[in-house]
file structure-v3.cif (mmCIF, C-alpha atoms)
data_upload
#
loop_
_atom_site.label_atom_id
_atom_site.label_comp_id
_atom_site.auth_asym_id
_atom_site.auth_seq_id
_atom_site.Cartn_x
_atom_site.Cartn_y
_atom_site.Cartn_z
CA MET L 1 11.77 1.85 -33.19
CA THR L 2 8.66 2.38 -31.05
CA ASP L 3 5.91 -0.21 -30.77
CA VAL L 4 3.28 2.12 -32.19
CA VAL L 5 5.41 2.94 -35.25
CA LYS L 6 6.16 -0.75 -35.78
CA PHE L 7 2.45 -1.47 -35.50
CA TYR L 8 1.58 1.09 -38.14
CA ARG L 9 4.35 0.10 -40.54
CA ASN L 10 3.45 -3.57 -40.31
CA HIS L 11 0.21 -2.60 -42.03
CA GLY L 12 2.03 -0.68 -44.75
CA GLN L 13 0.64 2.74 -43.85
CA LEU L 14 3.69 4.81 -42.86
CA PRO L 15 6.74 6.13 -44.67
CA SER L 16 10.14 4.91 -43.62
CA SER L 17 11.22 8.22 -42.06
CA THR L 18 10.54 9.17 -38.44
CA PHE L 19 10.19 12.48 -36.63
CA GLN L 20 13.48 14.42 -36.98
CA PRO L 21 14.26 16.65 -34.01
CA THR L 22 16.46 19.73 -34.26
CA THR L 23 20.27 19.54 -33.99
CA THR L 24 20.17 21.04 -30.47
CA MET L 25 17.62 18.46 -29.40
CA LYS L 26 19.85 15.68 -30.77
CA LYS L 27 22.83 16.90 -28.76
CA LEU L 28 20.84 17.20 -25.55
CA PHE L 29 19.34 13.78 -26.06
CA PHE L 30 22.75 12.22 -26.75
CA ILE L 31 24.24 13.74 -23.55
CA LEU L 32 21.26 12.55 -21.53
CA LEU L 33 21.48 9.08 -23.05
CA ILE L 34 25.17 8.74 -22.14
CA ASN L 35 24.41 9.70 -18.52
CA LEU L 36 21.47 7.37 -18.11
CA LEU L 37 22.32 4.36 -20.25
CA PRO L 38 24.67 2.53 -17.81
CA ALA L 39 22.04 2.48 -15.04
CA GLN L 40 18.93 2.15 -17.21
CA GLN L 41 16.77 -0.88 -16.55
CA SER L 42 13.55 -2.04 -18.11
CA TRP L 43 10.85 -3.51 -15.90
CA THR L 44 7.75 -5.49 -16.75
CA LEU L 45 4.49 -5.03 -14.90
CA GLN L 46 5.17 -8.15 -12.83
CA GLN L 47 8.57 -6.82 -11.76
CA CYS L 48 6.90 -3.58 -10.68
CA LEU L 49 4.33 -5.49 -8.63
CA ASP L 50 6.96 -7.70 -6.99
CA TYR L 51 9.13 -4.71 -6.09
CA ALA L 52 6.26 -2.66 -4.65
CA SER L 53 4.94 -5.63 -2.64
CA ALA L 54 8.32 -6.07 -0.94
CA ASN L 55 9.62 -2.51 -0.63
CA HIS L 56 6.77 -0.02 -0.35
CA PRO L 57 6.85 1.85 3.01
CA LEU L 58 3.15 1.19 3.68
CA ILE L 59 3.75 -2.56 3.48
CA LYS L 60 6.88 -2.32 5.62
CA GLN L 61 4.89 -0.43 8.24
CA SER L 62 2.23 -3.14 8.23
CA THR L 63 4.93 -5.78 8.71
CA VAL L 64 6.27 -3.89 11.74
CA ASN L 65 2.75 -3.79 13.18
CA ILE L 66 2.59 -7.59 12.97
CA GLN L 67 5.84 -7.80 14.93
CA LYS L 68 4.41 -5.40 17.52
CA ASN L 69 1.34 -7.64 17.87
CA GLU L 70 3.59 -10.63 18.44
CA ARG L 71 5.24 -8.77 21.33
CA GLN L 72 1.80 -7.88 22.69
CA ILE L 73 0.87 -11.57 22.71
CA SER L 74 4.06 -12.32 24.63
CA ALA L 75 3.31 -9.49 27.06
CA ALA L 76 -0.26 -10.77 27.62
CA LYS L 77 1.04 -14.27 28.36
CA GLY L 78 3.59 -12.75 30.73
CA MET L 79 0.73 -11.51 32.93
CA LEU L 80 0.14 -15.15 33.94
CA LEU L 81 3.58 -15.26 35.59
CA PRO L 82 4.51 -13.92 39.03
CA SER L 83 6.40 -10.69 39.49
CA VAL L 84 9.49 -10.96 41.71
CA ASP L 85 11.64 -8.16 43.08
CA ALA L 86 14.25 -7.75 45.79
CA GLY L 87 15.83 -4.82 47.56
CA ILE L 88 18.28 -3.69 50.20
CA SER L 89 18.61 -0.39 52.09
CA HIS L 90 21.41 1.06 54.26
CA ASN L 91 20.26 3.69 56.79
CA TYR L 92 21.65 6.02 59.47
CA ASN L 93 19.64 7.60 62.28
CA PHE L 94 21.02 10.53 64.33
CA GLY L 95 19.41 11.98 67.46
CA ASN L 96 16.45 10.77 69.48
CA GLY L 97 15.60 7.14 68.72
CA ILE L 98 14.84 3.68 70.12
CA ASN L 99 17.72 1.79 71.70
CA PRO L 100 17.43 -1.75 70.31
CA GLN L 101 19.05 -3.18 73.45
CA ASN L 102 16.43 -1.92 75.94
CA ASN L 103 13.68 -0.58 73.68
CA GLN L 104 13.91 2.81 75.39
CA ARG L 105 13.87 6.16 73.58
CA GLU L 106 17.11 8.05 74.06
CA ALA L 107 19.65 10.14 72.15
CA ILE L 108 21.66 7.65 70.11
CA ASN L 109 23.12 7.27 66.65
CA THR L 110 22.26 4.01 64.89
CA GLN L 111 22.98 2.19 61.64
CA SER L 112 20.47 -0.23 60.10
CA ASP L 113 20.29 -2.44 57.01
CA ASN L 114 17.12 -3.98 55.59
CA LEU L 115 16.87 -6.80 53.05
CA TYR L 116 13.77 -8.15 51.34
CA ALA L 117 12.58 -10.31 48.46
CA GLN L 118 8.97 -10.61 47.42
CA ALA L 119 6.80 -12.27 44.79
CA ASN L 120 3.25 -11.36 43.76
CA TRP L 121 1.06 -13.58 41.63
CA GLU L 122 -2.42 -13.19 40.22
CA LEU L 123 -3.52 -16.77 40.63
CA MET L 124 -6.84 -16.20 38.90
CA ASN L 125 -7.89 -13.21 36.80
CA TRP L 126 -10.01 -13.89 33.73
CA ARG L 127 -8.99 -10.58 32.20
CA ASN L 128 -5.45 -11.91 31.66
CA TYR L 129 -6.68 -14.91 29.66
CA LEU L 130 -9.06 -12.74 27.63
CA ASN L 131 -6.25 -10.29 26.83
CA ILE L 132 -4.23 -13.16 25.36
CA SER L 133 -7.13 -14.03 23.04
CA LEU L 134 -7.57 -10.36 22.10
CA SER L 135 -3.89 -9.92 21.27
CA LYS L 136 -4.04 -12.97 18.98
CA ILE L 137 -7.05 -11.49 17.18
CA ASN L 138 -5.20 -8.17 16.84
CA LYS L 139 -2.27 -9.98 15.23
CA GLU L 140 -4.65 -11.66 12.78
CA THR L 141 -6.12 -8.23 12.00
CA SER L 142 -2.65 -6.81 11.33
CA THR L 143 -1.89 -9.72 9.00
CA TYR L 144 -5.00 -8.99 6.94
CA ARG L 145 -4.18 -5.28 6.97
CA THR L 146 -0.78 -6.09 5.51
CA LYS L 147 -2.45 -8.04 2.71
CA GLN L 148 -4.88 -5.15 2.26
CA ALA L 149 -1.99 -2.70 1.98
CA GLN L 150 -0.34 -4.97 -0.60
CA ASN L 151 -3.56 -5.04 -2.61
CA GLU L 152 -3.92 -1.26 -2.55
CA VAL L 153 -0.31 -0.67 -3.51
CA ARG L 154 -0.40 -3.24 -6.32
CA MET L 155 -3.66 -1.89 -7.72
CA ASN L 156 -2.23 1.64 -7.72
CA VAL L 157 0.85 0.35 -9.52
CA ILE L 158 -1.34 -1.28 -12.17
CA GLN L 159 -3.33 1.92 -12.70
CA MET L 160 -0.22 4.10 -12.98
CA PHE L 161 1.61 1.54 -15.15
CA PHE L 162 -1.08 1.54 -17.82
CA THR L 163 -1.60 5.29 -17.58
CA TYR L 164 2.08 5.65 -18.43
CA GLN L 165 1.84 3.12 -21.27
CA ASN L 166 -1.13 4.94 -22.81
CA SER L 167 0.53 8.35 -22.52
CA LYS L 168 3.68 6.93 -24.11
CA SER L 169 1.66 5.42 -26.97
CA TRP L 170 -0.13 8.71 -27.56
CA LEU L 171 3.20 10.52 -27.74
CA GLU L 172 4.39 8.00 -30.31
CA VAL L 173 1.26 8.65 -32.38
CA LEU L 174 1.92 12.40 -32.34
CA GLU L 175 5.55 11.87 -33.32
CA THR L 176 4.39 9.74 -36.22
CA GLN L 177 1.89 12.41 -37.25
CA LEU L 178 4.58 15.11 -37.12
CA SER L 179 6.99 13.04 -39.20
CA GLY L 180 4.20 12.47 -41.71
CA ILE L 181 3.49 16.21 -41.94
CA GLU L 182 7.13 17.02 -42.73
CA ASP L 183 7.25 14.36 -45.44
CA GLN L 184 3.92 15.52 -46.79
CA ILE L 185 5.11 19.16 -46.95
CA LYS L 186 8.20 18.11 -48.94
CA ARG L 187 6.18 16.04 -51.40
CA THR L 188 3.53 18.73 -51.80
CA GLU L 189 6.18 21.43 -52.43
CA LYS L 190 7.62 19.33 -55.27
CA GLU L 191 4.15 18.77 -56.71
CA VAL L 192 3.44 22.51 -56.50
CA GLU L 193 6.65 23.22 -58.38
CA ILE L 194 5.58 21.01 -61.25
CA GLY L 195 2.07 22.46 -61.12
CA SER L 196 0.16 19.32 -60.15
CA ARG L 197 -1.15 20.84 -56.91
CA PRO L 198 -2.20 24.34 -55.84
CA LYS L 199 0.05 26.26 -53.46
CA SER L 200 -2.81 26.53 -50.98
CA ASP L 201 -2.28 22.84 -50.13
CA ILE L 202 1.07 23.75 -48.56
CA TYR L 203 -0.56 26.51 -46.51
CA ASP L 204 -3.27 24.11 -45.33
CA ILE L 205 -0.72 21.57 -44.11
CA LYS L 206 1.58 24.11 -42.44
CA ALA L 207 -1.42 25.71 -40.72
CA ASN L 208 -1.86 22.48 -38.72
CA LEU L 209 1.81 21.90 -37.97
CA GLY L 210 1.94 24.40 -35.07
CA THR L 211 -1.12 22.85 -33.45
CA MET L 212 0.39 19.40 -33.76
CA GLN L 213 3.67 20.57 -32.22
CA GLU L 214 1.80 22.09 -29.30
CA GLN L 215 -0.04 18.81 -28.78
CA TRP L 216 3.29 16.98 -28.89
CA VAL L 217 4.72 19.19 -26.11
CA SER L 218 1.63 18.58 -23.97
CA ALA L 219 1.83 14.85 -24.62
CA GLU L 220 5.52 14.81 -23.70
CA ASN L 221 4.72 16.55 -20.42
CA GLN L 222 1.83 14.17 -19.79
CA LYS L 223 4.11 11.17 -20.33
CA ASP L 224 6.74 12.59 -17.97
CA LEU L 225 4.12 13.23 -15.28
CA ALA L 226 2.71 9.72 -15.74
CA LYS L 227 6.18 8.25 -15.23
CA ILE L 228 6.75 10.40 -12.13
CA ASN L 229 3.45 9.15 -10.71
CA LEU L 230 4.38 5.55 -11.50
CA LEU L 231 7.78 5.90 -9.81
CA ASN L 232 6.08 7.50 -6.81
CA THR L 233 3.65 4.59 -6.60
CA LEU L 234 6.65 2.26 -6.56
CA ALA L 235 8.31 4.45 -3.87
CA ILE L 236 11.34 4.98 -6.15
CA THR L 237 12.94 8.42 -6.08
CA LYS L 238 15.46 8.06 -8.93
CA ASP L 239 14.41 7.92 -12.56
CA THR L 240 16.64 5.05 -13.71
CA LEU L 241 13.91 2.79 -15.08
CA GLU L 242 11.94 2.24 -18.24
CA PHE L 243 8.80 0.15 -18.33
CA GLU L 244 8.11 -2.48 -20.93
CA LYS L 245 4.94 -2.88 -22.88
CA PRO L 246 2.57 -5.28 -21.04
CA GLU L 247 2.03 -8.76 -22.37
CA GLU L 248 -1.17 -9.34 -24.30
CA ASN L 249 -2.99 -11.26 -21.60
CA LEU L 250 -6.63 -11.00 -22.68
CA ALA L 251 -7.97 -13.60 -20.27
CA ALA L 252 -11.61 -14.66 -20.30
CA VAL L 253 -13.53 -14.12 -17.06
CA ASP L 254 -16.79 -15.85 -16.19
CA PHE L 255 -19.00 -13.03 -14.92
CA ASN L 256 -22.13 -15.14 -15.28
CA ASP L 257 -21.28 -17.00 -12.09
CA SER L 258 -23.89 -15.93 -9.54
CA HIS L 259 -21.31 -16.18 -6.76
CA PHE L 260 -18.66 -14.13 -8.58
CA VAL L 261 -18.96 -11.00 -6.40
CA GLN L 262 -19.42 -12.96 -3.17
CA HIS L 263 -16.38 -15.09 -4.00
CA LEU L 264 -14.11 -12.07 -4.49
CA LEU L 265 -15.65 -10.32 -1.48
CA GLU L 266 -14.94 -13.15 0.95
CA LYS L 267 -11.34 -13.46 -0.27
CA ASN L 268 -10.66 -9.74 -0.03
CA PRO L 269 -8.33 -8.84 2.89
CA ALA L 270 -10.32 -5.66 3.59
CA TYR L 271 -13.39 -7.81 4.26
CA GLN L 272 -11.38 -10.27 6.36
CA THR L 273 -9.89 -7.34 8.30
CA VAL L 274 -13.28 -5.96 9.28
CA LEU L 275 -14.45 -9.44 10.34
CA THR L 276 -11.53 -9.79 12.75
CA GLU L 277 -12.18 -6.25 14.01
CA VAL L 278 -15.76 -7.29 14.85
CA ARG L 279 -14.39 -10.30 16.71
CA ALA L 280 -11.98 -8.03 18.59
CA GLN L 281 -14.84 -5.76 19.69
CA GLN L 282 -16.82 -8.81 20.84
CA LYS L 283 -13.81 -9.91 22.87
CA MET L 284 -13.67 -6.43 24.41
CA VAL L 285 -17.18 -7.02 25.77
CA ASP L 286 -15.94 -10.17 27.54
CA ILE L 287 -12.97 -8.25 28.92
CA ALA L 288 -15.26 -5.52 30.26
CA ARG L 289 -17.56 -8.12 31.86
CA SER L 290 -14.58 -9.73 33.57
CA GLY L 291 -14.69 -6.75 35.92
CA TYR L 292 -17.67 -8.45 37.62
CA LEU L 293 -15.60 -11.57 38.44
CA PRO L 294 -13.54 -12.12 41.60
CA THR L 295 -9.76 -12.38 41.47
CA ILE L 296 -7.37 -14.50 43.54
CA ASN L 297 -3.94 -13.11 44.45
CA GLY L 298 -1.02 -14.68 46.21
CA SER L 299 2.17 -13.18 47.61
CA TYR L 300 5.32 -14.28 49.39
CA THR L 301 7.78 -12.03 51.24
CA TRP L 302 11.15 -12.75 52.84
CA SER L 303 12.88 -10.04 54.89
CA SER L 304 15.61 -9.48 57.48
CA PHE L 305 17.45 -6.57 59.05
CA TYR L 306 20.65 -5.53 60.84
CA ASN L 307 20.90 -2.87 63.62
CA LYS L 308 23.93 -1.32 65.26
CA ILE L 309 24.53 1.52 67.76
CA MET L 310 27.37 3.54 66.33
CA GLY L 311 30.47 3.57 68.47
CA GLN L 312 29.45 0.42 70.38
CA PRO L 313 30.13 -3.28 69.75
CA SER L 314 27.27 -5.27 68.17
CA THR L 315 26.33 -8.73 67.03
CA ALA L 316 27.89 -9.73 63.71
CA PHE L 317 26.04 -8.78 60.53
CA SER L 318 25.57 -12.34 59.29
CA GLU L 319 24.29 -13.49 62.67
CA GLN L 320 21.71 -10.71 62.88
CA ILE L 321 20.53 -11.36 59.35
CA GLN L 322 20.18 -15.05 60.22
CA ASN L 323 18.32 -14.36 63.48
CA ASN L 324 16.04 -11.61 62.12
CA ARG L 325 14.69 -13.48 59.13
CA ASN L 326 10.97 -13.21 58.49
CA GLN L 327 8.73 -14.90 55.88
CA GLN L 328 5.15 -14.13 54.93
CA LEU L 329 2.83 -16.08 52.62
CA SER L 330 -0.64 -14.78 51.82
CA ILE L 331 -3.55 -15.64 49.54
CA GLY L 332 -6.33 -13.15 48.99
CA LEU L 333 -9.75 -13.22 47.33
CA ASN L 334 -11.05 -9.95 45.92
CA ILE L 335 -14.78 -9.84 45.16
CA PRO L 336 -16.13 -6.76 43.35
CA VAL L 337 -19.23 -5.45 45.11
CA PHE L 338 -19.75 -1.88 43.92
CA ASN L 339 -17.38 0.10 41.71
CA LYS L 340 -19.29 3.32 40.98
CA LEU L 341 -21.06 1.73 37.97
CA GLN L 342 -17.76 1.74 36.07
CA VAL L 343 -17.89 -1.93 35.01
CA LYS L 344 -21.52 -1.68 33.92
CA ASN L 345 -20.79 1.38 31.79
CA ASN L 346 -17.68 -0.21 30.31
CA VAL L 347 -19.72 -3.26 29.28
CA GLU L 348 -22.38 -1.10 27.63
CA ILE L 349 -19.76 0.95 25.79
CA ALA L 350 -18.12 -2.25 24.55
CA ARG L 351 -21.48 -3.51 23.30
CA LEU L 352 -22.06 -0.26 21.43
CA ASN L 353 -18.62 -0.65 19.87
CA VAL L 354 -19.69 -4.09 18.61
CA ILE L 355 -22.77 -2.53 17.00
CA ASN L 356 -20.62 0.22 15.48
CA SER L 357 -18.13 -2.31 14.10
CA GLY L 358 -21.06 -4.13 12.50
CA TYR L 359 -21.91 -0.94 10.62
CA ASP L 360 -18.24 -0.63 9.62
CA LYS L 361 -18.55 -4.13 8.20
CA ASP L 362 -21.61 -3.10 6.17
CA LEU L 363 -19.73 -0.07 4.80
CA VAL L 364 -16.77 -2.22 3.79
CA ILE L 365 -19.08 -4.71 2.07
CA ASN L 366 -20.81 -1.90 0.19
CA ASN L 367 -17.53 -0.31 -0.91
CA LEU L 368 -15.97 -3.61 -1.96
CA THR L 369 -19.10 -4.66 -3.84
CA GLN L 370 -19.07 -1.32 -5.66
CA SER L 371 -15.36 -1.70 -6.45
CA ILE L 372 -15.75 -5.26 -7.75
CA ASN L 373 -18.80 -4.40 -9.84
CA SER L 374 -17.02 -1.31 -11.17
CA ILE L 375 -14.00 -3.34 -12.27
CA ARG L 376 -16.32 -5.91 -13.84
CA ALA L 377 -18.24 -3.21 -15.74
CA GLN L 378 -15.03 -1.55 -16.92
CA PHE L 379 -13.62 -4.90 -18.00
CA LEU L 380 -16.73 -5.78 -20.01
CA ASN L 381 -16.83 -2.29 -21.52
CA ALA L 382 -13.14 -2.36 -22.45
CA GLN L 383 -13.45 -5.86 -23.87
CA GLU L 384 -16.50 -4.94 -25.96
CA LYS L 385 -14.82 -1.76 -27.18
CA TYR L 386 -11.67 -3.63 -28.12
CA ASN L 387 -13.61 -6.32 -29.99
CA LEU L 388 -15.48 -3.64 -31.98
CA LEU L 389 -12.30 -1.73 -32.80
CA GLU L 390 -10.51 -4.92 -33.79
CA THR L 391 -13.40 -5.97 -35.99
CA ASN L 392 -13.53 -2.59 -37.72
CA PHE L 393 -9.77 -2.26 -38.00
CA GLU L 394 -9.50 -3.82 -41.47
CA ASN L 395 -12.26 -1.57 -42.82
CA GLN L 396 -10.45 1.48 -41.48
CA ARG L 397 -7.20 0.34 -43.03
CA LEU L 398 -8.80 -0.14 -46.46
CA SER L 399 -10.55 3.21 -46.18
CA PHE L 400 -7.29 4.99 -45.44
CA ARG L 401 -5.53 3.25 -48.35
CA LYS L 402 -8.30 4.35 -50.67
CA SER L 403 -8.00 7.95 -49.48
CA GLU L 404 -4.24 7.76 -49.98
CA GLU L 405 -4.75 6.67 -53.60
CA LYS L 406 -7.16 9.54 -54.18
CA TYR L 407 -4.67 12.02 -52.76
CA LYS L 408 -1.90 10.72 -55.01
CA GLU L 409 -4.19 10.98 -58.02
CA GLY L 410 -5.10 14.58 -57.17
CA LEU L 411 -8.73 13.71 -56.33
CA MET L 412 -8.34 14.77 -52.66
CA ASP L 413 -6.82 17.99 -51.33
CA ALA L 414 -3.94 17.95 -48.84
CA TYR L 415 -5.95 19.17 -45.86
CA THR L 416 -8.65 16.51 -46.27
CA PHE L 417 -6.01 13.82 -46.62
CA PHE L 418 -4.24 15.20 -43.55
CA VAL L 419 -7.47 14.84 -41.53
CA VAL L 420 -8.09 11.32 -42.86
CA ARG L 421 -4.53 10.27 -42.07
CA ASN L 422 -4.68 11.60 -38.52
CA ASN L 423 -8.03 9.91 -37.97
CA TRP L 424 -6.42 6.66 -39.10
CA LEU L 425 -3.53 7.09 -36.64
CA GLN L 426 -6.01 7.99 -33.90
CA ALA L 427 -7.96 4.81 -34.67
CA ASN L 428 -4.78 2.77 -34.31
CA TYR L 429 -4.03 4.41 -30.97
CA ASN L 430 -7.59 3.76 -29.81
CA LEU L 431 -7.13 0.07 -30.58
CA ILE L 432 -3.88 -0.09 -28.61
CA SER L 433 -5.33 1.92 -25.73
CA SER L 434 -8.43 -0.27 -25.65
CA LYS L 435 -6.28 -3.39 -25.52
CA ASN L 436 -4.32 -1.87 -22.62
CA ASP L 437 -7.58 -1.19 -20.80
CA VAL L 438 -8.62 -4.82 -21.15
CA ILE L 439 -5.25 -5.97 -19.81
CA ARG L 440 -5.47 -3.41 -16.99
CA GLN L 441 -8.86 -4.66 -15.81
CA THR L 442 -7.65 -8.26 -16.13
CA GLU L 443 -4.68 -7.50 -13.87
CA LEU L 444 -6.95 -5.75 -11.34
CA LEU L 445 -9.22 -8.79 -11.23
CA LYS L 446 -6.18 -11.02 -10.67
CA ILE L 447 -5.25 -8.91 -7.64
CA LEU L 448 -8.75 -9.29 -6.19
CA ASP L 449 -8.66 -13.06 -6.77
CA ASP L 450 -5.11 -13.58 -5.47
CA HIS L 451 -5.80 -14.63 -1.85
#

call {"tool": "encode", "arguments": {"input": "structure-v3.cif", "output": "structure tokens"}}
result
Amino acid sequence: MTDVVKFYRNHGQLPSSTFQPTTTMKKLFFILLINLLPAQQSWTLQQCLDYASANHPLIKQSTVNIQKNERQISAAKGMLLPSVDAGISHNYNFGNGINPQNNQREAINTQSDNLYAQANWELMNWRNYLNISLSKINKETSTYRTKQAQNEVRMNVIQMFFTYQNSKSWLEVLETQLSGIEDQIKRTEKEVEIGSRPKSDIYDIKANLGTMQEQWVSAENQKDLAKINLLNTLAITKDTLEFEKPEENLAAVDFNDSHFVQHLLEKNPAYQTVLTEVRAQQKMVDIARSGYLPTINGSYTWSSFYNKIMGQPSTAFSEQIQNNRNQQLSIGLNIPVFNKLQVKNNVEIARLNVINSGYDKDLVINNLTQSINSIRAQFLNAQEKYNLLETNFENQRLSFRKSEEKYKEGLMDAYTFFVVRNNWLQANYNLISSKNDVIRQTELLKILDDH
């Protein structure tokens, strides 16, 4: 039995029967139930949030970006190490060449082998140290972006979850209304037969049945679309889930705190992301200015060679390699003097990027402040609406009972009672929907305050 129907019957306002579908609908539903029942699961809102936080592709992408930043830190640190390489070449020369025995040019065929090993090292380059700092800031930015992605995904899940719950509750209301119409038609037909009611009452009720059925079809489609959107938000492609009614968590929030917005703003990962991006742009200025600084480079080279005139005896390979060894060690100082104004322009561009990132920060602050204030306003509105509906609920219930007594006594026509009854069901749905809105805004505030 649905929650809405239970809710209504607990207040003694509904008959025991429920909406009876056609025989064909029963068969189709039974076949569908058999196919889906073994794999059907029911998730709470918290299970939805936990699943989306761990499995949504946007969050997985953000996690990969953190790993990429870790490799970039390692690569930046690697620039402090020397680069070492070695090589060997085997060569033949045919025709006119230098005779290694007399250093005279003549027509000879020679074979030569060259071996070398070298190491180059930037002993001092401030850009390398600044790049390490920048890569660490970039990793911090990616971490906050991952948290930001989690927030966005979770907030979308909350919105879609309660949209689905409201659409499902509305469908239950319409089903209850339809079941009530069928019962009312049967009772009215009996009363017409005994002459206690005019036949026009039956026409009045049946005239509204088609409209109600059309609304039911639209509501069914709306519920299906809401579930599709919820599954899409969870990044789930198969419809094997049902979603439980949310717990009644009507938490009190202190909005009178003067630091409420600032507190949520400073904890928000979007705000922390833009702060680290400003720091990254400031670091880019230092990197650009490092182009003015001198650099110190060192290098070491070891080499040797082997020569042989083809067709003639020669000194052994190992002996020549031993005798022809050569080593070179060098240290150089490079001082920038004039570089076509490239460094100066790079510094100015980096400074402009800092200014631009400051404006990005202002935009993020404005958007987050608007978002927080909007959630606060919606929470207060939903809470006030729910309190009013809850306060007036008993009066509505008594009013409906009185109208029901009048209808039974023949003091109210069927159409008027039909309108009163539907207004009563609508009022019950409004109360449930309003409660869901309060819970929705509470969950959104918890996401903003969860860092």

call {"tool": "closest_residue", "arguments": {"input": "structure-v3.cif", "among": "L:Glu189, L:Glu390, L:Glu348, L:Asp50", "to": "Ser433 of chain L", "atoms": "all atoms listed in the file"}}
result
L:Glu390

call {"tool": "residues_around", "arguments": {"input": "structure-v3.cif", "residues": "segment 324-339 of chain L", "least_positions_apart": "6", "cutoff": "7 Å", "atoms": "only C-alpha atoms", "output": "mmCIF file with C-alpha atoms, keeping the file's coordinate frame"}}
result
data_model
loop_
_atom_site.group_PDB
_atom_site.id
_atom_site.type_symbol
_atom_site.label_atom_id
_atom_site.label_comp_id
_atom_site.auth_asym_id
_atom_site.auth_seq_id
_atom_site.Cartn_x
_atom_site.Cartn_y
_atom_site.Cartn_z
ATOM 1 C CA TYR L 292 -17.670 -8.450 37.620
ATOM 2 C CA LEU L 293 -15.600 -11.570 38.440
ATOM 3 C CA PRO L 294 -13.540 -12.120 41.600
ATOM 4 C CA THR L 295 -9.760 -12.380 41.470
ATOM 5 C CA ILE L 296 -7.370 -14.500 43.540
ATOM 6 C CA ASN L 297 -3.940 -13.110 44.450
ATOM 7 C CA GLY L 298 -1.020 -14.680 46.210
ATOM 8 C CA SER L 299 2.170 -13.180 47.610
ATOM 9 C CA TYR L 300 5.320 -14.280 49.390
ATOM 10 C CA THR L 301 7.780 -12.030 51.240
ATOM 11 C CA TRP L 302 11.150 -12.750 52.840
ATOM 12 C CA SER L 303 12.880 -10.040 54.890
ATOM 13 C CA SER L 304 15.610 -9.480 57.480
ATOM 14 C CA PHE L 305 17.450 -6.570 59.050
#

call {"tool": "residues_around", "arguments": {"input": "structure-v3.cif", "residues": "Met212 of chain L", "least_positions_apart": "2", "cutoff": "8 Å", "atoms": "all atoms listed in the file", "output": "ChimeraX atom specification"}}
result
/L:174,177-178,208-210,214-216

call {"tool": "resolve_selection", "arguments": {"input": "structure-v3.cif", "expression": "the PyMOL selection byres ((chain L and resi 229) around 12)", "output": "ChimeraX atom specification"}}
result
/L:156-164,222-228,230-237,239

call {"tool": "resolve_selection", "arguments": {"input": "structure-v3.cif", "expression": "the PyMOL selection byres ((chain L and resi 349-355) around 9)", "output": "PyMOL selection string"}}
result
chain L and resi 278-286+288+344-348+356-360

call {"tool": "resolve_selection", "arguments": {"input": "structure-v3.cif", "expression": "the PyMOL selection byres ((chain L and resi 379) around 12)", "output": "PyMOL selection string"}}
result
chain L and resi 250-255+372-378+380-386+434-445

call {"tool": "closest_residue", "arguments": {"input": "structure-v3.cif", "among": "L:His90, L:Lys206, L:Arg154, L:Lys199", "to": "Phe418 of chain L", "atoms": "all atoms listed in the file"}}
result
L:Lys206

call {"tool": "residues_near_point", "arguments": {"input": "structure-v3.cif", "point": "(21.6, -7.8, 61.7)", "cutoff": "6 Å", "atoms": "all atoms listed in the file", "output": "PyMOL selection string"}}
result
chain L and resi 305-307+317+320-321

call {"tool": "closest_residue", "arguments": {"input": "structure-v3.cif", "among": "L:Ser62, L:Ser403, L:Asn125, L:Asn166", "to": "Gln150 of chain L", "atoms": "only C-alpha atoms"}}
result
L:Ser62

call {"tool": "closest_residue", "arguments": {"input": "structure-v3.cif", "among": "L:Ser200, L:Asn93, L:Asn268, L:Asn128", "to": "Thr146 of chain L", "atoms": "all atoms listed in the file"}}
result
L:Asn268
